[in-house]
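For reference, the structure discussed in these notes is given below.
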Amino acid sequence: MAADASSPAGPNLSTDAARQPQKLPSGVVLGKDGKPCRTCSSGAAFAAFASQAKSTLKSGAFPGALVGAAVSSSSLPPPAYTPPADCPPDVAVLGRSTWTLLHSIAATYPTTPSQQEQKELKTFMGLFSRLYPCWVCAEDFQGYMAKEQIRVGSRDEFGKWLCEAHNAVNVKVGKKTFDCARWEERWRTGWKDGRCD
């Protein structure tokens, strides 16, 4: 009688495939659970991962083989990708939405906040930095907040602190920085040329 593929006498192809981790597409970030993190990865990278996972499933390889290697299988940057609006956000969509929310909070924060309002904003920002869906981003923001203490004494103070935090992220991801002297024009009053009216 032939040895069963899953018995000790015969090879287990699924287990063997799982032991040999495959390279993940460029830009895929693993979550703390070791699985690809959709909200931590670019949409293009996650789509490439999903496509790779589908082909691996079709070929009969164990799907877990895709998890466990954070090294890129390609040195080419992923193509531009925007997930459909009714799909979970990727790291870029989540980031843009987050900055819009935070800057809007700064724009409506009181010019002279009470002690209670200052305490609430500090509490919110602390909780926000721990609950943010992209764990890598969350830890990075927590580090920024530990180094650059949040300033909540006034609308202008918080708005500029937030702009500086946003600029620190922009530098890390290779984007241009914003002139923080113009944060209110961008997020509260609208541009002086009237295009927001």
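In the structure tokens, the first chain shown is A, the next is B, and so on; residue numbers restart at 1 for each chain, and ligands run from 1 in the order shown.
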Name all residues at most 6 Å from region 150-159 of chain A (count only C-alpha atoms; drop same-chain ones fewer than 4 positions away) and give them as a list in words. Ala106, Tyr109, Pro110, Thr111, Thr112 and Gln118 of chain A
Kindly give the distance, in Å, that separates CA of Glu185 (chain A) and CA of Leu101 (chain A), rounded to a single decimal. 15.8 Å
Kindly indicate which residue among A:Trp135, A:Phe178, A:Trp99, A:Phe124 lies nearest to Leu30 (chain A), using only C-alpha atoms for the distances. A:Trp135
I need the residues in region 81-191 of chain A that are alpha helix (DSSP H) according to DSSP; give them as number ranges by chain. A: 91-108, 115-131, 135-147, 155-172, 183-184
Could you tell me how far CA of Val169 (chain A) sits from CA of Phe49 (chain A), in Å to one decimal place?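 Separation between CA of Phe49 (chain A) and CA of Val169 (chain A): 25.0 Å.
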Might you pull out every residue within 9 Å of Ala168 (chain A), with only C-alpha atoms counted and same-chain residues fewer than 4 positions away left off, and present them as a PyMOL selection string? chain A and resi 144+163-164+172-173+177
Given only C-alpha atoms as the basis, pick out the residue of A:Thr189, A:Asn170, A:Gln116, A:Gln149 nearest to Gly95 (chain A).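 Checking each candidate against Gly95 (chain A), we get A:Asn170 as the closest.
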Report, in Å with one decimal, the straight-line distance from CA of His166 (chain A) to CA of Arg188 (chain A).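 Separation between CA of His166 (chain A) and CA of Arg188 (chain A): 16.2 Å.
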